[in-house]
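For reference, the structure is listed below as structure tokens.
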Amino acid sequence: MDSVSQLVLGASVSVAVMGRRVPLWQAAIVGAVCGTLPDLDVFIDHGDAIRNMTLHRTESHALLWLTLASPLLAWLIAGLFRRQVPWQQWWPAVWLALITHPLLDLMTVYGTQLGLPLTDHPYATGSIYIIDPLYTLPLLVCLAVALWRGGARGLRWNQVGLFLSTGYLAWSLIIQGVAGWQIKQSLAQQRISDDKVLITPTAFNTLVWRTVIIDGDRYGEAYWSLLSPTRPLTVSWHARHSELFAQLKGNWYAERVAWFSHGFYAMREQAGETTIADLRMGEEENYTFTFGLGTPQSPATHPERLPSTRPSLRYVFRALGERL
């Protein structure tokens, strides 16, 4: 999720755990910092764009490492504030602020390796867009009111924010399941295989869902709306160019993107070089993560991320209205 959501979630969790043992603003600051810490790994340069993408949300988002780091952070925080609150009372707040970060990231489609060091599988449910105001705003408003009111009333407002935001996450999982069932029904009616289908929300909402269908050497893209659930899917098909991947067999960068995207990738020849795109983020023809791999004869040693056109907010909301 975006940095604002993570900061506010960490602050709200810390306030809820610490209660009235410390001033609410103090608990909020600690939670906001702890909720932001895991994403500081974006400042680490691993040497190339593909490593930077696939090594984000790794050790800094691993539940085990965050759990082991939490008592040390709690001890440092207790010493910093020099109050009669021992570090053992800070510990649950710090731990929850840390681990709710990767758990929230898990809800997006990107991929979070929270099982390290036991497994490097990039887990993702893909039930919520990386920025969703309906998740963040209730949490932010209720936290602001809680800090303003203070005391028991403030704590109740903070609890309301956590209840609403968590309920929205549950809603996103439920409606994703509904969308998946309807989409697969429509695919079956069109005699399209549903063996490999991705279903994820479009920008800023959980009403319109984008689906990507992998069918041999082609991939399809379609949209499903909660307001017209039984409307047949209109699938737009595109070539994956699997022959280009075969030519790069053994290329670590191509295989890394294929692994990280769970097989939802496509390749093209563009400006004299082979490119690979992660189909999970973005839409045809502008995918957020597209990389130049050079050529089979001269593969790139430091692949770069190719620029993509970010649609304007006007386009996003116009498309949302049409797809609804």
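Chain labels A, B, ... are given in the sequence in which chains occur in the structure tokens; within each chain residues are numbered consecutively from 1, and ligands are likewise numbered from 1 in the order shown.
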
Can you tell me which residues surround stretch 215-222 of chain A at a distance of at most 7 Å, considering only C-alpha atoms, apart from same-chain residues fewer than 5 positions away, and format the answer as a PyMOL selection string? chain A and resi 193+210+233-242

Close residues, stretch 83-98 of chain A itself excluded, 8 Å, only C-alpha atoms, min 3 positions apart in chain, as an NGL selection string: :A and (9-11 or 13-15 or 17-18 or 21-22 or 30-32 or 34-35 or 37-38 or 66-67 or 70-71 or 73-79 or 101-102)

Among stretch 70-276 of chain A, which residues does DSSP mark as alpha helix (DSSP H) when it is run on the backbone? Keep the chain and numbering as in the structure and answer as JSON, numbers by chain. {"A": [70, 71, 72, 73, 74, 75, 76, 77, 78, 79, 80, 81, 87, 88, 89, 90, 91, 92, 93, 94, 95, 96, 97, 98, 99, 100, 101, 102, 103, 104, 105, 133, 134, 135, 136, 137, 138, 139, 140, 141, 142, 143, 144, 145, 146, 147, 148, 149, 151, 152, 153, 154, 155, 156, 157, 158, 159, 160, 161, 162, 163, 164, 165, 166, 167, 168, 169, 170, 171, 172, 173, 174, 175, 176, 177, 178, 179, 180, 181, 182, 183, 184, 185, 186, 187, 188, 189, 242, 243, 244, 245, 246, 247, 252, 253, 254, 255, 256, 257, 258, 259, 260]}

Extract, using only C-alpha atoms, all DNA, RNA and protein residues at most 9 Å from A:Thr290, discarding same-chain residues fewer than 2 positions from it, and format them as a ChimeraX atom specification. /A:275-279,286-288,292,304-308

Residue selection dump (C-alpha atoms) as a PDB file, in the first residue's frame:
```pdb
ATOM      1  CA  THR A 275      11.172  -6.395 -23.485  1.00  0.00           C
ATOM      2  CA  ILE A 276       9.304  -8.165 -20.716  1.00  0.00           C
ATOM      3  CA  ALA A 277       6.293  -6.725 -18.885  1.00  0.00           C
ATOM      4  CA  ASP A 278       4.624  -7.706 -15.620  1.00  0.00           C
ATOM      5  CA  LEU A 279       0.956  -7.862 -16.641  1.00  0.00           C
ATOM      6  CA  ASN A 286       1.125   0.768 -20.369  1.00  0.00           C
ATOM      7  CA  TYR A 287       2.380  -1.644 -17.765  1.00  0.00           C
ATOM      8  CA  THR A 288       4.037  -0.221 -14.680  1.00  0.00           C
ATOM      9  CA  GLY A 292      14.515  -3.976 -21.602  1.00  0.00           C
ATOM     10  CA  GLU A 304      16.524  -0.804 -17.111  1.00  0.00           C
ATOM     11  CA  ARG A 305      12.879  -0.140 -16.441  1.00  0.00           C
ATOM     12  CA  LEU A 306      11.284   1.359 -19.529  1.00  0.00           C
ATOM     13  CA  PRO A 307       9.177   4.499 -19.115  1.00  0.00           C
ATOM     14  CA  SER A 308       5.426   4.004 -19.060  1.00  0.00           C
TER      15      SER A 308
END
```

Given the choices A:Gly19, A:Gly180, A:Gly321, A:Pro117, which gets closest to A:Glu59 if the distance is worked out from only C-alpha atoms? A:Pro117

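For A:Leu143, the residues within 8 Å (counting only C-alpha atoms, excluding itself and residues fewer than 5 positions away along the chain) are Val8, Ser12, Trp157, Asn158 and Gly161 of chain A.
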
Which residues come within 8 Å of A:Leu106, counting only C-alpha atoms, excluding same-chain residues fewer than 3 positions away, as a PDB file with N, CA, C and O atoms, in the first residue's frame?
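Result written to around.pdb:
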```pdb
ATOM      1  N   PRO A 102       3.550  -5.417   6.395  1.00  0.00           N
ATOM      2  CA  PRO A 102       3.546  -6.435   5.332  1.00  0.00           C
ATOM      3  C   PRO A 102       2.200  -7.130   5.173  1.00  0.00           C
ATOM      4  O   PRO A 102       1.865  -7.572   4.071  1.00  0.00           O
ATOM      5  N   LEU A 103       1.422  -7.224   6.246  1.00  0.00           N
ATOM      6  CA  LEU A 103       0.113  -7.861   6.119  1.00  0.00           C
ATOM      7  C   LEU A 103      -0.829  -7.012   5.262  1.00  0.00           C
ATOM      8  O   LEU A 103      -1.645  -7.547   4.501  1.00  0.00           O
ATOM      9  N   VAL A 109      -1.431  -6.572  -5.183  1.00  0.00           N
ATOM     10  CA  VAL A 109      -1.041  -7.591  -6.155  1.00  0.00           C
ATOM     11  C   VAL A 109       0.467  -7.680  -6.356  1.00  0.00           C
ATOM     12  O   VAL A 109       0.955  -8.605  -7.004  1.00  0.00           O
ATOM     13  N   GLY A 111       3.275  -8.376  -4.466  1.00  0.00           N
ATOM     14  CA  GLY A 111       4.020  -9.546  -3.987  1.00  0.00           C
ATOM     15  C   GLY A 111       4.893  -9.188  -2.807  1.00  0.00           C
ATOM     16  O   GLY A 111       5.734  -8.297  -2.894  1.00  0.00           O
ATOM     17  N   THR A 112       4.681  -9.855  -1.664  1.00  0.00           N
ATOM     18  CA  THR A 112       5.414  -9.584  -0.430  1.00  0.00           C
ATOM     19  C   THR A 112       6.006 -10.889   0.091  1.00  0.00           C
ATOM     20  O   THR A 112       5.282 -11.856   0.341  1.00  0.00           O
ATOM     21  N   TYR A 123       3.994 -13.530  -1.796  1.00  0.00           N
ATOM     22  CA  TYR A 123       2.566 -13.703  -1.547  1.00  0.00           C
ATOM     23  C   TYR A 123       1.781 -12.445  -1.924  1.00  0.00           C
ATOM     24  O   TYR A 123       2.245 -11.322  -1.715  1.00  0.00           O
ATOM     25  N   ALA A 124       0.585 -12.638  -2.473  1.00  0.00           N
ATOM     26  CA  ALA A 124      -0.270 -11.503  -2.833  1.00  0.00           C
ATOM     27  C   ALA A 124      -1.698 -11.996  -3.005  1.00  0.00           C
ATOM     28  O   ALA A 124      -1.932 -13.012  -3.660  1.00  0.00           O
ATOM     29  N   THR A 125      -2.652 -11.289  -2.396  1.00  0.00           N
ATOM     30  CA  THR A 125      -4.058 -11.606  -2.637  1.00  0.00           C
ATOM     31  C   THR A 125      -4.629 -10.743  -3.756  1.00  0.00           C
ATOM     32  O   THR A 125      -5.533 -11.171  -4.474  1.00  0.00           O
ATOM     33  N   GLY A 126      -4.109  -9.521  -3.909  1.00  0.00           N
ATOM     34  CA  GLY A 126      -4.562  -8.646  -4.983  1.00  0.00           C
ATOM     35  C   GLY A 126      -6.003  -8.205  -4.850  1.00  0.00           C
ATOM     36  O   GLY A 126      -6.684  -7.963  -5.845  1.00  0.00           O
TER      37      GLY A 126
END
```

What separation in Å, quoted to one decimal, exists between atom CA of A:Met281 and atom CA of A:Arg51? 17.2 Å

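Excluding A:Phe260 and any residue on its chain fewer than 2 positions from it, the residues at most 7 Å away by only C-alpha atoms are Thr54, Pro122, Arg256, Val257, Ala258 and His262 of chain A.
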
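If you count only C-alpha atoms and ignore residues fewer than 2 places along the chain from A:Ala146, what sits within 8 Å of it is A:Cys142, A:Leu143, A:Ala144, A:Trp148, A:Arg149, A:Gly150, A:Arg153, A:Gly154, A:Leu155, A:Arg156, A:Trp157, A:Asn158.
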
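With distances restricted to only C-alpha atoms, A:Val208 is the closest residue to A:Glu322 from A:Phe245, A:Pro303, A:Gln270, A:Val208.
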
Identify all residues of stretch 59-262 of chain A in strand (DSSP E) (DSSP on the backbone) and supply them as a list in words. Val197, Leu198, Ile199, Thr200, Pro201, Val208, Trp209, Arg210, Thr211, Val212, Ile213, Ile214, Asp215, Arg218, Tyr219, Gly220, Glu221, Ala222, Tyr223, Trp224, Ser225, Ser236, Trp237, His238 and Ala239 of chain A
